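Beneath this line is the structure, given in structure tokens, with notes to follow.
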Amino acid sequence: MTLSGRRFLIIEDEAIIAMMLEDAIEEAGGVVLRCVSTVEEALLAIDAEPPDAAMLDLQLGHDSALPVAWRLQARGVPYIICTGFGDPALPPGLVPRHVLTKPVEFDALQAAWQALPPLP
């Protein structure tokens, strides 16, 4: 599976998981624009340089990352949710490309990447 230069934003508050995702994306040919760990940083990063796709943890510290999911969706950025809380109950209208449960298996990650729409 190759990500062919697809530019990712990683939104994850656990540094080791962010590093693992970054390594996996780069090994698959993707580019990591930034790794951020707060809702505020994520919103600023999306507005400054919209990525081609995002990896999103739904719980960033004590904050819900739902505002980040809404912003990504509003900008047409496909995103994959990675959560440690099992299958989340998402609000109506919020449609991630995939929901993965931590710890994320590499095969599941690859399947989620394959479900991303092709780049224009």
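So you can find residues: chains in the structure tokens are A, B, ... in the order shown, residues in each start at 1, and ligands are numbered from 1 in order.
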When you look at Phe85 of chain A with a cut-off of 12 Å (counting only C-alpha atoms), what residues show up, excluding the ones that are within fewer than 6 positions of it in the same chain? I need them as a PDB file with N, CA and C atoms, in the first residue's frame.
ATOM      1  N   ASP A  57      -7.570  11.499  16.843  1.00  0.00           N
ATOM      2  CA  ASP A  57      -7.954  10.934  18.132  1.00  0.00           C
ATOM      3  C   ASP A  57      -9.140  11.755  18.615  1.00  0.00           C
ATOM      4  N   LEU A  58     -10.209  11.108  19.032  1.00  0.00           N
ATOM      5  CA  LEU A  58     -11.413  11.843  19.431  1.00  0.00           C
ATOM      6  C   LEU A  58     -11.323  12.484  20.810  1.00  0.00           C
ATOM      7  N   GLN A  59     -10.398  12.036  21.634  1.00  0.00           N
ATOM      8  CA  GLN A  59     -10.253  12.592  22.980  1.00  0.00           C
ATOM      9  C   GLN A  59      -8.838  13.132  23.127  1.00  0.00           C
ATOM     10  N   VAL A  99     -13.222   4.198  11.423  1.00  0.00           N
ATOM     11  CA  VAL A  99     -13.004   4.323  12.860  1.00  0.00           C
ATOM     12  C   VAL A  99     -12.164   3.124  13.278  1.00  0.00           C
ATOM     13  N   LEU A 100     -10.988   3.405  13.832  1.00  0.00           N
ATOM     14  CA  LEU A 100     -10.079   2.363  14.289  1.00  0.00           C
ATOM     15  C   LEU A 100      -9.976   2.414  15.805  1.00  0.00           C
ATOM     16  N   THR A 101      -9.881   1.247  16.426  1.00  0.00           N
ATOM     17  CA  THR A 101      -9.745   1.164  17.873  1.00  0.00           C
ATOM     18  C   THR A 101      -8.287   0.948  18.235  1.00  0.00           C
ATOM     19  N   LYS A 102      -7.812   1.740  19.201  1.00  0.00           N
ATOM     20  CA  LYS A 102      -6.440   1.594  19.690  1.00  0.00           C
ATOM     21  C   LYS A 102      -6.355   0.374  20.595  1.00  0.00           C
ATOM     22  N   PRO A 103      -5.264  -0.331  20.601  1.00  0.00           N
ATOM     23  CA  PRO A 103      -4.104  -0.130  19.746  1.00  0.00           C
ATOM     24  C   PRO A 103      -4.444  -0.527  18.313  1.00  0.00           C
TER      25      PRO A 103
END
Legend entry - Surrounding residues of Leu21 of chain A excluding itself and chain neighbours under 4 positions, 8 Å, only C-alpha atoms, as a PyMOL selection string: chain A and resi 10+17+25
Restricting the output to C-alpha atoms, write the selected residues as a tab-separated table (two decimals), in the first residue's frame.
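Result file result-v1.tsv:
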chain	number	residue	atom	x	y	z
A	10	ILE	CA	-1.96	13.77	12.80
A	17	ILE	CA	1.06	6.87	19.15
A	25	ILE	CA	2.53	7.10	7.08
Legend entry - All alpha helix (DSSP H) positions in chain A, as a PyMOL selection string: chain A and resi 15-27+39-48+66-74+106-114
Legend entry - Surrounding residues of Gln114 of chain A excluding itself and chain neighbours under 4 positions, 12 Å, only C-alpha atoms, as a list of chain:residue names: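 Within the cut-off, the hits are A:Met1, A:Thr2, A:Leu3, A:Ser4, A:Arg6, A:Ala28, A:Ala53, A:Pro78, A:Ile80, A:Arg97, A:His98, A:Asp107, A:Ala108, A:Leu109, A:Gln110, A:Pro118, A:Leu119.
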Inset, instruction - Could you check how far atom CA of Glu40 of chain A sits from atom CA of Ala65 of chain A, in Å to one decimal? - result: 9.6 Å
Legend entry - Contacts of Leu66 of chain A within 12 Å, only C-alpha atoms, excl. fewer than 2 positions in-chain, as an NGL selection string: :A and (11 or 38-40 or 42-43 or 56-60 or 63-64 or 68-73 or 79 or 81 or 88-96)
Inset, instruction - Please identify which residues in chain A DSSP calls strand (DSSP E or B) from the backbone, and express them as a list in words. - result: Arg7, Phe8, Leu9, Ile10, Ile11, Val31, Val32, Leu33, Arg34, Cys35, Val36, Ala53, Ala54, Met55, Leu56, Asp57, Gln59, Leu60, Asp63, Ser64, Tyr79, Ile80, Ile81, Cys82, Thr83, His98, Val99, Leu100 and Thr101 of chain A
Legend entry - Among the residues A:Val77, A:Ala45, A:Pro51, A:Val104, the one that comes closest to Ala24 of chain A [using only C-alpha atoms]: A:Val104
Inset, instruction - Figure out the distance between atom CA of Asp47 of chain A and atom CA of Glu22 of chain A, please, to one decimal in Å. - result: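 The value is 20.6 Å.
Pairwise distance (atom CA of His62 of chain A, atom CA of Met20 of chain A) equals 22.1 Å.
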